[in-house]
Amino acid sequence: MSFFIGELGNMAGPVLNLLFVGDIVGKGGRAAVKNLIPQLKQRHAASFVIANGENCANGAGYSLTCIHDLEGAVDVFTSGDHTWDQKNFEQEILSVKNLVRPANFSSLQPGRGWGVFRNPAGGEIAVISLLGRVFMKDSASCPFETAEKIIAQLPPTVKCIIVDIHAEATSEKAAMAWALDGKVTAVVGTHTHVQTADARILPGGTAFLSDVGMVGGHDSILGRDIPDVVRKFRTGMPTRLNVTEKNIRLDYAVISYEMNTGRAVSIKAFSEFYTPEDH
């Protein structure tokens, strides 16, 4: 299925903007999202927000309480290898309508891996969550086959398709983007918590960014307190990795696309800082 080919001669119609927010880490990350997203939506004239929040519950996994804490700031949540870190979430996920866990998890796991959501500015947005397999500890089925099967199921009225590929290897993320070029609006990578500098539009009209980054402590190691992480690396001993809750950096991407075709027009990566005492 390719919704770009054969439609390029049609009137493109309005260009819409959406925000894709990096992995939200802990309470500080949630506070930054709640306080900064409203002004970022206004600044970029964005009508829809997607965020990977799989570290929002004290740095590991989701909880229903944390999801409710982010109501109004995030339209759709994606996830990854920490989906089930909170022991009650396998029941709680059943009541969350706007969260997609990796679609290439076993079908026996609760929740859903993709969904179609209404964009208040017009049209619908399909959001697909996928888990990579290279260097990842969790077993999952092939994300490439999974993506192709889902895209084939989408109704032709759905033009905007956003894929979150939660993976360690940048090569796997890039391969996913090129495999889906011309079939989806954007392929955005998550998981490494480090924003990359490779945002681009591929020849078929698909936006790509290897990793959007995180919403976590700027003076941290992937959102965790520096001394804890250094000790773990130096000693090899089990170490509690506390979440850094100060001087939060919010990494995100702005994706612009044609509403009538789903074709990406631009993708740009940004970072904003949030200091609680300033709000």
# chains A, B, ... in the order shown; residues from 1 in each chain; ligands from 1
>>> residues_around(residues="Gly80 in chain A", least_positions_apart="2", cutoff="7 Å", atoms="only C-alpha atoms", output="PyMOL selection string")
chain A and resi 54+82-83+101-102+131+166
>>> residues_around(residues="range 35-41 of chain A", least_positions_apart="4", cutoff="8 Å", atoms="only C-alpha atoms", output="count of residues only")
8
>>> residues_around(residues="range 195-212 of chain A", least_positions_apart="3", cutoff="8 Å", atoms="only C-alpha atoms", output="ChimeraX atom specification")
/A:4,20-22,170,173-174,177-178,180-192,251-253,255,263-269
>>> residues_around(residues="Leu222 in chain A", least_positions_apart="3", cutoff="12 Å", atoms="only C-alpha atoms", output="PyMOL selection string")
chain A and resi 22-26+29+55+59+191-195+213-219+225-226+228-230+241-245+248-249
>>> write_last_selection(atoms="N, CA and C atoms", output="mmCIF file, in the first residue's frame")
data_model
loop_
_atom_site.group_PDB
_atom_site.id
_atom_site.type_symbol
_atom_site.label_atom_id
_atom_site.label_comp_id
_atom_site.auth_asym_id
_atom_site.auth_seq_id
_atom_site.Cartn_x
_atom_site.Cartn_y
_atom_site.Cartn_z
ATOM 1 N N GLY A 22 10.008 13.019 22.853
ATOM 2 C CA GLY A 22 10.889 11.922 23.230
ATOM 3 C C GLY A 22 10.493 11.247 24.528
ATOM 4 N N ASP A 23 11.192 10.170 24.853
ATOM 5 C CA ASP A 23 10.878 9.323 26.009
ATOM 6 C C ASP A 23 10.765 10.156 27.288
ATOM 7 N N ILE A 24 9.600 10.124 27.908
ATOM 8 C CA ILE A 24 9.340 10.901 29.121
ATOM 9 C C ILE A 24 9.864 10.132 30.328
ATOM 10 N N VAL A 25 10.759 10.769 31.092
ATOM 11 C CA VAL A 25 11.404 10.105 32.226
ATOM 12 C C VAL A 25 10.953 10.734 33.542
ATOM 13 N N GLY A 26 10.239 9.962 34.344
ATOM 14 C CA GLY A 26 9.929 10.345 35.709
ATOM 15 C C GLY A 26 8.991 11.519 35.886
ATOM 16 N N GLY A 29 10.008 14.744 34.069
ATOM 17 C CA GLY A 29 9.645 14.692 32.659
ATOM 18 C C GLY A 29 8.175 14.981 32.446
ATOM 19 N N ASN A 55 8.888 5.570 30.191
ATOM 20 C CA ASN A 55 9.700 5.753 31.395
ATOM 21 C C ASN A 55 9.066 6.758 32.352
ATOM 22 N N GLY A 59 10.661 6.455 36.057
ATOM 23 C CA GLY A 59 11.753 6.058 35.187
ATOM 24 C C GLY A 59 11.630 4.697 34.551
ATOM 25 N N HIS A 191 14.004 5.365 22.270
ATOM 26 C CA HIS A 191 14.697 4.389 23.111
ATOM 27 C C HIS A 191 16.076 4.828 23.577
ATOM 28 N N THR A 192 16.900 5.453 22.739
ATOM 29 C CA THR A 192 18.263 5.747 23.179
ATOM 30 C C THR A 192 18.369 7.003 24.046
ATOM 31 N N HIS A 193 17.310 7.817 24.075
ATOM 32 C CA HIS A 193 17.264 9.033 24.893
ATOM 33 C C HIS A 193 18.259 10.095 24.424
ATOM 34 N N VAL A 194 18.830 9.932 23.241
ATOM 35 C CA VAL A 194 19.788 10.893 22.696
ATOM 36 C C VAL A 194 19.272 11.381 21.351
ATOM 37 N N GLN A 195 18.986 12.683 21.260
ATOM 38 C CA GLN A 195 18.446 13.229 20.018
ATOM 39 C C GLN A 195 19.516 13.223 18.920
ATOM 40 N N GLY A 213 15.002 11.678 21.152
ATOM 41 C CA GLY A 213 15.596 12.093 22.420
ATOM 42 C C GLY A 213 14.741 11.741 23.618
ATOM 43 N N MET A 214 14.753 12.592 24.634
ATOM 44 C CA MET A 214 14.022 12.291 25.869
ATOM 45 C C MET A 214 13.486 13.564 26.500
ATOM 46 N N VAL A 215 12.643 13.373 27.506
ATOM 47 C CA VAL A 215 12.243 14.455 28.408
ATOM 48 C C VAL A 215 12.767 14.050 29.776
ATOM 49 N N GLY A 216 13.946 14.530 30.098
ATOM 50 C CA GLY A 216 14.596 14.125 31.341
ATOM 51 C C GLY A 216 15.685 15.093 31.720
ATOM 52 N N GLY A 217 16.363 14.812 32.813
ATOM 53 C CA GLY A 217 17.379 15.706 33.341
ATOM 54 C C GLY A 217 18.508 15.963 32.357
ATOM 55 N N HIS A 218 18.786 17.239 32.114
ATOM 56 C CA HIS A 218 19.877 17.592 31.196
ATOM 57 C C HIS A 218 21.225 17.153 31.774
ATOM 58 N N ASP A 219 21.408 17.368 33.077
ATOM 59 C CA ASP A 219 22.637 16.935 33.744
ATOM 60 C C ASP A 219 22.401 15.550 34.334
ATOM 61 N N ASP A 225 20.504 9.704 37.652
ATOM 62 C CA ASP A 225 21.543 10.447 38.359
ATOM 63 C C ASP A 225 22.926 9.953 37.959
ATOM 64 N N ILE A 226 23.812 10.886 37.669
ATOM 65 C CA ILE A 226 25.130 10.556 37.134
ATOM 66 C C ILE A 226 25.951 9.644 38.052
ATOM 67 N N ASP A 228 25.105 7.409 40.185
ATOM 68 C CA ASP A 228 24.558 6.049 40.202
ATOM 69 C C ASP A 228 24.989 5.276 38.962
ATOM 70 N N VAL A 229 24.870 5.910 37.807
ATOM 71 C CA VAL A 229 25.202 5.229 36.555
ATOM 72 C C VAL A 229 26.703 4.975 36.455
ATOM 73 N N VAL A 230 27.513 5.956 36.863
ATOM 74 C CA VAL A 230 28.963 5.773 36.826
ATOM 75 C C VAL A 230 29.377 4.621 37.736
ATOM 76 N N LEU A 241 19.314 3.114 40.139
ATOM 77 C CA LEU A 241 19.539 4.252 39.259
ATOM 78 C C LEU A 241 18.416 5.261 39.450
ATOM 79 N N ASN A 242 18.656 6.221 40.326
ATOM 80 C CA ASN A 242 17.628 7.200 40.649
ATOM 81 C C ASN A 242 17.406 8.162 39.484
ATOM 82 N N VAL A 243 16.171 8.619 39.361
ATOM 83 C CA VAL A 243 15.797 9.524 38.285
ATOM 84 C C VAL A 243 16.185 10.955 38.642
ATOM 85 N N THR A 244 16.781 11.660 37.688
ATOM 86 C CA THR A 244 17.106 13.073 37.866
ATOM 87 C C THR A 244 15.847 13.905 37.622
ATOM 88 N N GLU A 245 15.466 14.727 38.581
ATOM 89 C CA GLU A 245 14.211 15.461 38.487
ATOM 90 C C GLU A 245 14.404 16.970 38.336
ATOM 91 N N ILE A 248 15.177 19.969 33.561
ATOM 92 C CA ILE A 248 14.661 19.006 32.591
ATOM 93 C C ILE A 248 14.775 19.543 31.160
ATOM 94 N N ARG A 249 15.237 18.696 30.268
ATOM 95 C CA ARG A 249 15.284 19.032 28.843
ATOM 96 C C ARG A 249 14.205 18.238 28.109
#
>>> atom_distance(atom1="CA of Gly72 in chain A", atom2="CA of Gly115 in chain A")
18.4 Å
>>> closest_residue(among="A:Val49, A:Ala57, A:Ala103, A:Ile93", to="Pro120 in chain A", atoms="only C-alpha atoms")
A:Val49
>>> select_by_dssp(residues="range 54-142 of chain A", states="strand (DSSP E)", output="JSON, numbers by chain")
{"A": [76, 77, 78, 99, 100, 114, 115, 116, 117, 118, 124, 125, 126, 127, 128, 129, 130, 131]}
>>> write_last_selection(atoms="N, CA and C atoms", output="compact mmCIF listing (two decimals), in the first residue's frame")
# COMPACT_ATOMS: atom_id res chain seq x y z
N VAL A 76 -1.65 10.85 22.09
CA VAL A 76 -1.40 9.42 21.95
C VAL A 76 -0.04 9.08 22.56
N PHE A 77 -0.01 7.99 23.33
CA PHE A 77 1.22 7.48 23.92
C PHE A 77 1.70 6.25 23.14
N THR A 78 3.02 6.19 22.92
CA THR A 78 3.63 4.97 22.39
C THR A 78 4.50 4.37 23.48
N LEU A 99 -3.22 4.69 24.14
CA LEU A 99 -1.87 4.17 24.27
C LEU A 99 -1.70 2.95 23.39
N VAL A 100 -0.60 2.92 22.63
CA VAL A 100 -0.29 1.76 21.80
C VAL A 100 1.05 1.18 22.26
N TRP A 114 -1.48 -0.51 17.61
CA TRP A 114 -1.72 0.63 16.72
C TRP A 114 -3.15 1.11 16.88
N GLY A 115 -3.40 2.31 16.42
CA GLY A 115 -4.75 2.85 16.50
C GLY A 115 -4.90 4.02 15.55
N VAL A 116 -6.13 4.38 15.26
CA VAL A 116 -6.44 5.52 14.41
C VAL A 116 -7.14 6.56 15.28
N PHE A 117 -6.64 7.77 15.25
CA PHE A 117 -7.11 8.83 16.13
C PHE A 117 -7.48 10.07 15.33
N ARG A 118 -8.46 10.80 15.80
CA ARG A 118 -8.93 12.00 15.11
C ARG A 118 -8.02 13.17 15.42
N GLU A 124 -7.53 12.04 10.08
CA GLU A 124 -7.19 11.08 11.12
C GLU A 124 -5.69 10.78 11.07
N ILE A 125 -5.18 10.29 12.20
CA ILE A 125 -3.78 9.93 12.31
C ILE A 125 -3.68 8.50 12.82
N ALA A 126 -3.02 7.64 12.07
CA ALA A 126 -2.73 6.28 12.52
C ALA A 126 -1.38 6.30 13.22
N VAL A 127 -1.31 5.73 14.41
CA VAL A 127 -0.07 5.65 15.17
C VAL A 127 0.27 4.18 15.39
N ILE A 128 1.47 3.80 14.99
CA ILE A 128 1.94 2.41 15.10
C ILE A 128 3.17 2.39 15.99
N SER A 129 3.17 1.51 16.98
CA SER A 129 4.32 1.34 17.87
C SER A 129 5.01 0.02 17.54
N LEU A 130 6.33 0.06 17.35
CA LEU A 130 7.10 -1.13 17.01
C LEU A 130 8.33 -1.24 17.91
N LEU A 131 8.76 -2.46 18.18
CA LEU A 131 9.96 -2.71 18.97
C LEU A 131 11.03 -3.33 18.07
>>> closest_residue(among="A:Ile50, A:Leu108, A:Ile165, A:Ile150", to="Asp81 in chain A", atoms="only C-alpha atoms")
A:Ile165
>>> select_by_dssp(residues="range 76-267 of chain A", states="alpha helix (DSSP H)", output="ChimeraX atom specification")
/A:89-92,143-153,170-180,226-235
>>> atom_distance(atom1="CA of Phe144 in chain A", atom2="CA of Glu172 in chain A")
9.9 Å
>>> atom_distance(atom1="CA of Ser139 in chain A", atom2="CA of Glu168 in chain A")
13.5 Å
>>> closest_residue(among="A:Val158, A:Val15, A:Leu250, A:Ala60", to="Lys34 in chain A", atoms="only C-alpha atoms")
A:Leu250
>>> closest_residue(among="A:Lys137, A:His68, A:Arg43, A:Lys159", to="Gly122 in chain A", atoms="only C-alpha atoms")
A:Lys159
